[in-house]
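Presented below is the structure to which this report refers.
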Amino acid sequence: MNSRYFHPESLMMSYGYKPELSEGAVKCPIFQTSTFVFKTAQEGKEFFELAYGKREKSPGEEPGLIYSRLNNPDLQILEERLCLWDGADECAVFESGMSAISTVLLEFLRPGDALLYSMPVYGGTDHFINKVLPQYGITGIGFTPDDTLEQILLKAEKAKVKLVYVETPANPTNALFDLELCRKVADQLSNAENSVYVVVDNTYMGPLWQHPLKHGADLVMYSATKYIGGHSDLIAGAVLGKKDLMKRVRTLRTFLGNMAGPWTGWLLMRSLETLKVRMTQQAENAAKVADFLAAHPKVEKVYYLGHLPENSEQYQIFKKQLSCAGAMVSFDIQGGEKEAFQFLDHLKLFHLAVSLGSTESLAEHPATMTHSDVSDLDRAKLGISEKLIRLSIGVEHYEDLIWDIQQALEKVG
Ligand SMILES: *Cc1c(COP(=O)(O)O)cnc(C)c1O
């Protein structure tokens with residue numbers, strides 16, 4: 001073996017795959033199978049003992065393949081590769097981002113518990129926290145980037161907090177939350193009987209530009225539908241973290257049965273091979289688009305992490321936590337809903353669609369689309385107004401993207 005440390009992007013084509021187990025195929029085949037044959041009954045018994053945690057792994061032993069709800073090579077290899085980006089012990093891939101998130105919340109919360117959550121969160125997450133979990137006697141307590149440690153602790157004072165749930169940068173305004181501060185909140189609320197965990201939805205930064213586990217998070221989650229999949233052709237999710245917590249997540253996944261299938265696993269492995277080049281190009285394009293928008297007279301304000309004033313607190317968090325300004329750019333257009341819709345309806349290259357992180361650029365209107373379920377009061381507080389437009393920048397030539405934005409802005413008014 002060589003001793004060189006290879007970067008994750010160098011390992012995405014091969015890591016965890018053994019060609020000799022698949023007729024020498026250079027690529028991992030799609031293991032489109034529900035179940036796996038045991039060589040002997042004794043082998044089947046041993047595989048189950050390990051899978052159900054009845055005994056510890058012997059040195060060098062690999063978990064045997066049993067049944068595709070428990071494991072499948074396309075998921076297992078994908079999970080090992082995803083671990084490389086975040087520096088995680090283990091990963092579990094799900095059939096959607098929402099199934100990853102809801103499984104984590106259901107595993108770590110019980111009736112009578114509370115969770116602290118950053119505001120705003122993804123619409124589906126907001127719905128699960130505020131409409132589904134209360135039916136199980138679980139309370140969500142929101143906090144914003146303006147809240148200090150003391151203010152957050154005050155909000156949590158009378159509650160039995162079990163989780164601090166953070167989405168940073170926040171969608172659609174790119175507001176940043178300080179993960180170190182979230183860790184402090186969790187530690188102060190923990191005691192001998194109760195460990196409070198920090199879980200981070202890192203979808204907005206992909207696995208490339210922010211590594212929450214290195215900033216005190218216990219679990220990191222993704223909608224793999226976004227940057228990880230990256231081609232707007234699949235729905236999937238992922239959870240990563242330390243072994244002990246991941247064992248709990250994986251076990252609940254086995255019994256909810258919401259793992260991704262082999263075909264999705266295979267597509268995601270294919271996507272991971274180009275993750276770094278895609279995301280790097282997207283970020284480069286986003287910087288050009290954001291600069292153009294900032295100089296345009298019909299644009300009131302641009303929400304882009306590469307434009308944060310250096311003396312701001314948000315910039316300090318940016319420097320500490322992120323390695324890139326990302327590829328999500330939002331802006332306030334002069335006017336209101338009418339002007340925003342005129343702009344959106346005249347785009348020729350951008351697609352008018354929700355979702356993000358894909359190879360093609362997308363544009364949407366958060367107030368009436370992704371965030372229409374957020375209360376009016378919260379929308380006003382969070383700056384999600386009728387003039388706000390959210391762009392997800394893709395891999396097209398940046399000059400074409402700017403041309404498209406320019407011509408659509410000309411049609412406004
Ligand atoms: C899209 C998204 C989700 C939900 O993921 P799905 O794959 O659509 O289920 C969760 N969080 C964030 C930040 C998202 O953008």
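By order of appearance in the structure tokens: chains A, B, ..., then residues from 1 within every chain, and ligands from 1 in the order shown.
Selection of all polymer residues within 8 Å of ligand 1 on the basis of only C-alpha atoms and all ligand atoms gives Glu95, Ser96, Gly97, Met98, Ser99, Ala100, Ile101, Val121, Tyr122, Gly123, Gly124, Thr125, Glu167, Ala170, Asn171, Asp201, Asn202, Thr203, Tyr204, Tyr222, Ser223, Ala224, Thr225, Lys226, Ile235, Ala236, Gly237, Ser355 and Leu356 of chain A.
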Quick one: residues within 9 Å of A:Gln407, only C-alpha atoms counted, chain neighbours fewer than 6 positions away excluded, as a ChimeraX atom specification?
-> /A:343,346-348
Next, dump the selected residues to file, keeping only N, CA and C atoms, as an mmCIF file, in the first residue's frame.
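Result file again-v8.cif:
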data_model
loop_
_atom_site.group_PDB
_atom_site.id
_atom_site.type_symbol
_atom_site.label_atom_id
_atom_site.label_comp_id
_atom_site.auth_asym_id
_atom_site.auth_seq_id
_atom_site.Cartn_x
_atom_site.Cartn_y
_atom_site.Cartn_z
ATOM 1 N N PHE A 343 -39.708 39.223 -14.212
ATOM 2 C CA PHE A 343 -38.328 38.759 -14.385
ATOM 3 C C PHE A 343 -38.304 37.247 -14.614
ATOM 4 N N HIS A 346 -39.522 35.861 -17.963
ATOM 5 C CA HIS A 346 -38.760 36.198 -19.170
ATOM 6 C C HIS A 346 -37.401 35.503 -19.259
ATOM 7 N N LEU A 347 -37.067 34.693 -18.267
ATOM 8 C CA LEU A 347 -35.777 33.986 -18.329
ATOM 9 C C LEU A 347 -35.816 32.953 -19.460
ATOM 10 N N LYS A 348 -34.707 32.854 -20.184
ATOM 11 C CA LYS A 348 -34.658 31.923 -21.318
ATOM 12 C C LYS A 348 -33.746 30.722 -21.045
#
Shell around A:Gly137 at 8 Å using only C-alpha atoms, local window under 6 positions removed, as a PyMOL selection string = chain A and resi 110-113
Deliver the residues from the most recent selection as a file, using C-alpha atoms, as a JSON list (two decimals), in the first residue's frame.
[["chain", "number", "residue", "atom", "x", "y", "z"],
["A", 110, "ARG", "CA", -39.44, 11.48, 22.59],
["A", 111, "PRO", "CA", -42.78, 12.83, 23.85],
["A", 112, "GLY", "CA", -42.13, 15.71, 26.25],
["A", 113, "ASP", "CA", -38.83, 16.65, 24.58]]
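The protein and nucleic acid residues lying at most 8 Å from A:Ala217 are Leu179, Arg183, Tyr197, Val198, Val199, Val200, Pro212, Leu213, Lys214, His215, Leu219 and Val220 of chain A, with only C-alpha atoms considered and sequence neighbours fewer than 2 positions away removed.
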Write out, as a short mmCIF file (atom, residue, chain, number, x, y, z; two decimals), in the first residue's frame, the residues just selected, with all heavy atoms.
data_model
loop_
_atom_site.label_atom_id
_atom_site.label_comp_id
_atom_site.auth_asym_id
_atom_site.auth_seq_id
_atom_site.Cartn_x
_atom_site.Cartn_y
_atom_site.Cartn_z
N LEU A 179 -21.70 27.68 14.31
CA LEU A 179 -21.82 26.30 14.82
C LEU A 179 -21.14 26.13 16.17
O LEU A 179 -21.59 25.35 17.00
CB LEU A 179 -21.25 25.30 13.80
CG LEU A 179 -22.05 25.17 12.50
CD1 LEU A 179 -21.37 24.21 11.54
CD2 LEU A 179 -23.48 24.72 12.77
N ARG A 183 -22.82 24.59 19.47
CA ARG A 183 -22.19 23.55 20.30
C ARG A 183 -22.22 23.97 21.78
O ARG A 183 -22.52 23.19 22.66
CB ARG A 183 -20.75 23.34 19.82
CG ARG A 183 -19.93 22.33 20.59
CD ARG A 183 -20.33 20.91 20.23
NE ARG A 183 -21.20 20.32 21.22
CZ ARG A 183 -21.89 19.19 21.01
NH1 ARG A 183 -21.84 18.57 19.86
NH2 ARG A 183 -22.64 18.70 21.95
N TYR A 197 -27.59 16.84 21.40
CA TYR A 197 -26.80 16.71 20.17
C TYR A 197 -27.06 17.88 19.22
O TYR A 197 -28.16 18.43 19.19
CB TYR A 197 -27.15 15.40 19.45
CG TYR A 197 -26.87 14.18 20.29
CD1 TYR A 197 -27.89 13.31 20.67
CD2 TYR A 197 -25.58 13.91 20.73
CE1 TYR A 197 -27.63 12.19 21.44
CE2 TYR A 197 -25.31 12.79 21.51
CZ TYR A 197 -26.34 11.94 21.87
OH TYR A 197 -26.07 10.85 22.63
N VAL A 198 -25.99 18.21 18.46
CA VAL A 198 -26.12 19.25 17.44
C VAL A 198 -26.18 18.56 16.08
O VAL A 198 -25.28 17.79 15.73
CB VAL A 198 -24.91 20.22 17.47
CG1 VAL A 198 -25.01 21.25 16.35
CG2 VAL A 198 -24.80 20.90 18.82
N VAL A 199 -27.27 18.79 15.34
CA VAL A 199 -27.38 18.22 14.00
C VAL A 199 -27.49 19.36 12.98
O VAL A 199 -28.16 20.36 13.23
CB VAL A 199 -28.56 17.24 13.88
CG1 VAL A 199 -28.41 16.09 14.86
CG2 VAL A 199 -29.89 17.91 14.10
N VAL A 200 -26.78 19.21 11.88
CA VAL A 200 -26.70 20.30 10.90
C VAL A 200 -27.15 19.81 9.53
O VAL A 200 -26.66 18.80 9.03
CB VAL A 200 -25.25 20.84 10.80
CG1 VAL A 200 -25.15 21.94 9.74
CG2 VAL A 200 -24.78 21.37 12.15
N PRO A 212 -19.42 20.53 9.00
CA PRO A 212 -19.94 20.81 10.35
C PRO A 212 -19.39 19.90 11.44
O PRO A 212 -19.26 20.33 12.59
CB PRO A 212 -21.45 20.61 10.19
CG PRO A 212 -21.72 20.87 8.76
CD PRO A 212 -20.52 20.34 8.04
N LEU A 213 -19.02 18.64 11.09
CA LEU A 213 -18.50 17.73 12.13
C LEU A 213 -17.21 18.30 12.71
O LEU A 213 -16.88 18.03 13.86
CB LEU A 213 -18.26 16.33 11.56
CG LEU A 213 -19.50 15.59 11.02
CD1 LEU A 213 -19.10 14.26 10.40
CD2 LEU A 213 -20.53 15.36 12.13
N LYS A 214 -16.48 19.08 11.92
CA LYS A 214 -15.23 19.68 12.41
C LYS A 214 -15.49 20.93 13.24
O LYS A 214 -14.57 21.51 13.82
CB LYS A 214 -14.32 20.02 11.23
CG LYS A 214 -13.87 18.76 10.51
CD LYS A 214 -13.04 19.01 9.27
CE LYS A 214 -12.77 17.66 8.60
NZ LYS A 214 -12.79 17.73 7.14
N HIS A 215 -16.74 21.38 13.30
CA HIS A 215 -17.08 22.57 14.09
C HIS A 215 -18.03 22.21 15.23
O HIS A 215 -18.82 23.04 15.67
CB HIS A 215 -17.70 23.64 13.19
CG HIS A 215 -16.76 24.13 12.13
ND1 HIS A 215 -15.81 25.11 12.35
CD2 HIS A 215 -16.58 23.73 10.85
CE1 HIS A 215 -15.11 25.29 11.25
NE2 HIS A 215 -15.56 24.47 10.32
N LEU A 219 -24.03 15.30 14.11
CA LEU A 219 -24.50 14.67 12.87
C LEU A 219 -24.60 15.73 11.79
O LEU A 219 -24.94 16.89 12.08
CB LEU A 219 -25.89 14.04 13.07
CG LEU A 219 -25.99 12.78 13.94
CD1 LEU A 219 -27.46 12.41 14.14
CD2 LEU A 219 -25.23 11.60 13.34
N VAL A 220 -24.33 15.33 10.56
CA VAL A 220 -24.54 16.24 9.43
C VAL A 220 -25.46 15.53 8.45
O VAL A 220 -25.39 14.31 8.27
CB VAL A 220 -23.19 16.68 8.80
CG1 VAL A 220 -22.36 15.49 8.36
CG2 VAL A 220 -23.41 17.61 7.61
#
Close residues, stretch 362-371 of chain A itself excluded, 10 Å, only C-alpha atoms, min 6 positions apart in chain, as JSON, numbers by chain = {"A": [120, 121, 122, 123, 124, 126, 171, 172, 173, 328, 329, 330, 337, 340, 341, 343, 344, 347, 349, 350, 351, 352, 353, 354, 355, 356, 379, 380, 383, 384, 385, 386, 387, 388, 389, 390, 391, 392, 393, 394]}
Let me see the file: selected residues, C-alpha atoms, as a PDB file, in the first residue's frame.
ATOM      1  CA  PRO A 120     -35.689  29.752   8.708  1.00  0.00           C
ATOM      2  CA  VAL A 121     -35.329  26.048   7.890  1.00  0.00           C
ATOM      3  CA  TYR A 122     -36.269  24.213   4.710  1.00  0.00           C
ATOM      4  CA  GLY A 123     -40.068  24.234   4.214  1.00  0.00           C
ATOM      5  CA  GLY A 124     -40.465  20.471   4.617  1.00  0.00           C
ATOM      6  CA  ASP A 126     -40.433  23.459   9.130  1.00  0.00           C
ATOM      7  CA  ASN A 171     -32.315  29.264   2.771  1.00  0.00           C
ATOM      8  CA  PRO A 172     -33.080  31.606   0.933  1.00  0.00           C
ATOM      9  CA  THR A 173     -31.221  34.548   2.506  1.00  0.00           C
ATOM     10  CA  MET A 328     -26.719  30.284  -4.211  1.00  0.00           C
ATOM     11  CA  VAL A 329     -27.459  33.926  -4.953  1.00  0.00           C
ATOM     12  CA  SER A 330     -30.659  35.673  -3.911  1.00  0.00           C
ATOM     13  CA  GLU A 337     -44.351  40.356  -6.749  1.00  0.00           C
ATOM     14  CA  ALA A 340     -40.352  39.500  -9.631  1.00  0.00           C
ATOM     15  CA  PHE A 341     -42.771  37.465 -11.755  1.00  0.00           C
ATOM     16  CA  PHE A 343     -38.328  38.759 -14.385  1.00  0.00           C
ATOM     17  CA  LEU A 344     -38.925  35.036 -13.804  1.00  0.00           C
ATOM     18  CA  LEU A 347     -35.777  33.986 -18.329  1.00  0.00           C
ATOM     19  CA  LEU A 349     -31.702  29.861 -20.045  1.00  0.00           C
ATOM     20  CA  PHE A 350     -32.466  29.649 -16.312  1.00  0.00           C
ATOM     21  CA  HIS A 351     -35.235  27.174 -15.517  1.00  0.00           C
ATOM     22  CA  LEU A 352     -38.134  28.438 -13.411  1.00  0.00           C
ATOM     23  CA  ALA A 353     -38.103  25.653 -10.817  1.00  0.00           C
ATOM     24  CA  VAL A 354     -37.465  24.997  -7.141  1.00  0.00           C
ATOM     25  CA  SER A 355     -34.577  22.805  -5.918  1.00  0.00           C
ATOM     26  CA  LEU A 356     -30.917  23.780  -6.114  1.00  0.00           C
ATOM     27  CA  ARG A 379     -41.367  35.801   6.470  1.00  0.00           C
ATOM     28  CA  ALA A 380     -41.241  39.515   7.298  1.00  0.00           C
ATOM     29  CA  GLY A 383     -36.452  39.103   4.979  1.00  0.00           C
ATOM     30  CA  ILE A 384     -38.360  36.787   2.636  1.00  0.00           C
ATOM     31  CA  SER A 385     -40.290  39.532   0.870  1.00  0.00           C
ATOM     32  CA  GLU A 386     -42.266  39.608  -2.382  1.00  0.00           C
ATOM     33  CA  LYS A 387     -39.323  41.157  -4.189  1.00  0.00           C
ATOM     34  CA  LEU A 388     -36.906  38.361  -3.272  1.00  0.00           C
ATOM     35  CA  ILE A 389     -35.725  36.013  -6.037  1.00  0.00           C
ATOM     36  CA  ARG A 390     -33.520  32.970  -5.419  1.00  0.00           C
ATOM     37  CA  LEU A 391     -31.043  31.714  -7.990  1.00  0.00           C
ATOM     38  CA  SER A 392     -29.164  28.423  -7.965  1.00  0.00           C
ATOM     39  CA  ILE A 393     -26.221  28.795 -10.306  1.00  0.00           C
ATOM     40  CA  GLY A 394     -25.219  25.903 -12.570  1.00  0.00           C
TER      41      GLY A 394
END
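What separates atom CA of A:Val161 from atom CA of A:Leu252 is a distance of 21.0 Å.
For the pair atom CA of A:Ala41 and atom CA of A:Pro19, the interatomic distance is 26.6 Å.
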Pairwise distance, atom CA of A:Gly60 with atom CA of A:Glu90, equals 16.9 Å
Please identify all polymer residues within 9 Å of stretch 268-274 of chain A, counting only C-alpha atoms, omitting same-chain residues fewer than 3 positions from it, and present them as number ranges by chain.
-> A: 9-13, 28, 74-75, 77-78, 81-82, 224, 227-231, 234, 236, 263-265, 277-279
Considering only C-alpha atoms, state which residue in the set A:Gly257, A:Pro169, A:Gly44, A:Gly241 is at the smallest distance from A:Phe318.
-> A:Pro169
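Close contacts of A:Arg253, defined as residues with an atom at most 9 Å away when counting only C-alpha atoms, with chain neighbours fewer than 6 positions off set aside, comprise Arg69, Leu70, Ala92, Phe94, Ser99, Ala100, Thr103 and Met259 of chain A.
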Write the residues of the selection above to a file with all heavy atoms, as a PDB file, in the first residue's frame.
ATOM      1  N   ARG A  69     -32.778  -4.081   2.196  1.00  0.00           N
ATOM      2  CA  ARG A  69     -33.231  -3.057   3.154  1.00  0.00           C
ATOM      3  C   ARG A  69     -32.165  -2.819   4.216  1.00  0.00           C
ATOM      4  O   ARG A  69     -32.078  -1.752   4.796  1.00  0.00           O
ATOM      5  CB  ARG A  69     -34.569  -3.456   3.793  1.00  0.00           C
ATOM      6  CG  ARG A  69     -35.095  -2.434   4.803  1.00  0.00           C
ATOM      7  CD  ARG A  69     -36.610  -2.491   5.008  1.00  0.00           C
ATOM      8  NE  ARG A  69     -37.106  -3.832   5.200  1.00  0.00           N
ATOM      9  CZ  ARG A  69     -36.934  -4.565   6.315  1.00  0.00           C
ATOM     10  NH1 ARG A  69     -36.274  -4.053   7.338  1.00  0.00           N
ATOM     11  NH2 ARG A  69     -37.421  -5.772   6.396  1.00  0.00           N
ATOM     12  N   LEU A  70     -31.314  -3.821   4.464  1.00  0.00           N
ATOM     13  CA  LEU A  70     -30.243  -3.691   5.458  1.00  0.00           C
ATOM     14  C   LEU A  70     -28.947  -3.190   4.831  1.00  0.00           C
ATOM     15  O   LEU A  70     -28.275  -2.330   5.373  1.00  0.00           O
ATOM     16  CB  LEU A  70     -29.986  -5.042   6.132  1.00  0.00           C
ATOM     17  CG  LEU A  70     -30.928  -5.443   7.251  1.00  0.00           C
ATOM     18  CD1 LEU A  70     -32.323  -5.757   6.719  1.00  0.00           C
ATOM     19  CD2 LEU A  70     -30.385  -6.659   7.987  1.00  0.00           C
ATOM     20  N   ALA A  92     -25.341   6.983   6.395  1.00  0.00           N
ATOM     21  CA  ALA A  92     -26.518   6.208   5.973  1.00  0.00           C
ATOM     22  C   ALA A  92     -27.226   7.018   4.900  1.00  0.00           C
ATOM     23  O   ALA A  92     -27.490   8.209   5.086  1.00  0.00           O
ATOM     24  CB  ALA A  92     -27.455   5.956   7.151  1.00  0.00           C
ATOM     25  N   PHE A  94     -30.481   7.697   2.425  1.00  0.00           N
ATOM     26  CA  PHE A  94     -31.948   7.574   2.505  1.00  0.00           C
ATOM     27  C   PHE A  94     -32.593   7.834   1.145  1.00  0.00           C
ATOM     28  O   PHE A  94     -31.957   8.378   0.246  1.00  0.00           O
ATOM     29  CB  PHE A  94     -32.491   8.576   3.525  1.00  0.00           C
ATOM     30  CG  PHE A  94     -32.187   8.206   4.950  1.00  0.00           C
ATOM     31  CD1 PHE A  94     -30.934   8.453   5.492  1.00  0.00           C
ATOM     32  CD2 PHE A  94     -33.147   7.601   5.738  1.00  0.00           C
ATOM     33  CE1 PHE A  94     -30.650   8.106   6.808  1.00  0.00           C
ATOM     34  CE2 PHE A  94     -32.875   7.254   7.056  1.00  0.00           C
ATOM     35  CZ  PHE A  94     -31.632   7.509   7.599  1.00  0.00           C
ATOM     36  N   SER A  99     -36.590  12.103   4.396  1.00  0.00           N
ATOM     37  CA  SER A  99     -36.575  10.868   5.188  1.00  0.00           C
ATOM     38  C   SER A  99     -35.333  10.826   6.072  1.00  0.00           C
ATOM     39  O   SER A  99     -35.388  10.320   7.193  1.00  0.00           O
ATOM     40  CB  SER A  99     -36.721   9.620   4.320  1.00  0.00           C
ATOM     41  OG  SER A  99     -35.694   9.543   3.385  1.00  0.00           O
ATOM     42  N   ALA A 100     -34.221  11.386   5.606  1.00  0.00           N
ATOM     43  CA  ALA A 100     -33.021  11.474   6.455  1.00  0.00           C
ATOM     44  C   ALA A 100     -33.315  12.349   7.670  1.00  0.00           C
ATOM     45  O   ALA A 100     -33.035  11.983   8.818  1.00  0.00           O
ATOM     46  CB  ALA A 100     -31.854  12.045   5.645  1.00  0.00           C
ATOM     47  N   THR A 103     -36.097  10.854  10.063  1.00  0.00           N
ATOM     48  CA  THR A 103     -35.590   9.692  10.804  1.00  0.00           C
ATOM     49  C   THR A 103     -34.702  10.145  11.968  1.00  0.00           C
ATOM     50  O   THR A 103     -34.816   9.629  13.082  1.00  0.00           O
ATOM     51  CB  THR A 103     -34.817   8.747   9.857  1.00  0.00           C
ATOM     52  OG1 THR A 103     -35.714   8.328   8.825  1.00  0.00           O
ATOM     53  CG2 THR A 103     -34.288   7.527  10.591  1.00  0.00           C
ATOM     54  N   MET A 259     -34.448   3.436   3.258  1.00  0.00           N
ATOM     55  CA  MET A 259     -33.126   3.511   2.608  1.00  0.00           C
ATOM     56  C   MET A 259     -33.303   3.757   1.111  1.00  0.00           C
ATOM     57  O   MET A 259     -34.356   3.449   0.549  1.00  0.00           O
ATOM     58  CB  MET A 259     -32.335   2.213   2.850  1.00  0.00           C
ATOM     59  CG  MET A 259     -32.822   1.013   2.077  1.00  0.00           C
ATOM     60  SD  MET A 259     -34.523   0.557   2.430  1.00  0.00           S
ATOM     61  CE  MET A 259     -34.970  -0.129   0.854  1.00  0.00           C
TER      62      MET A 259
END
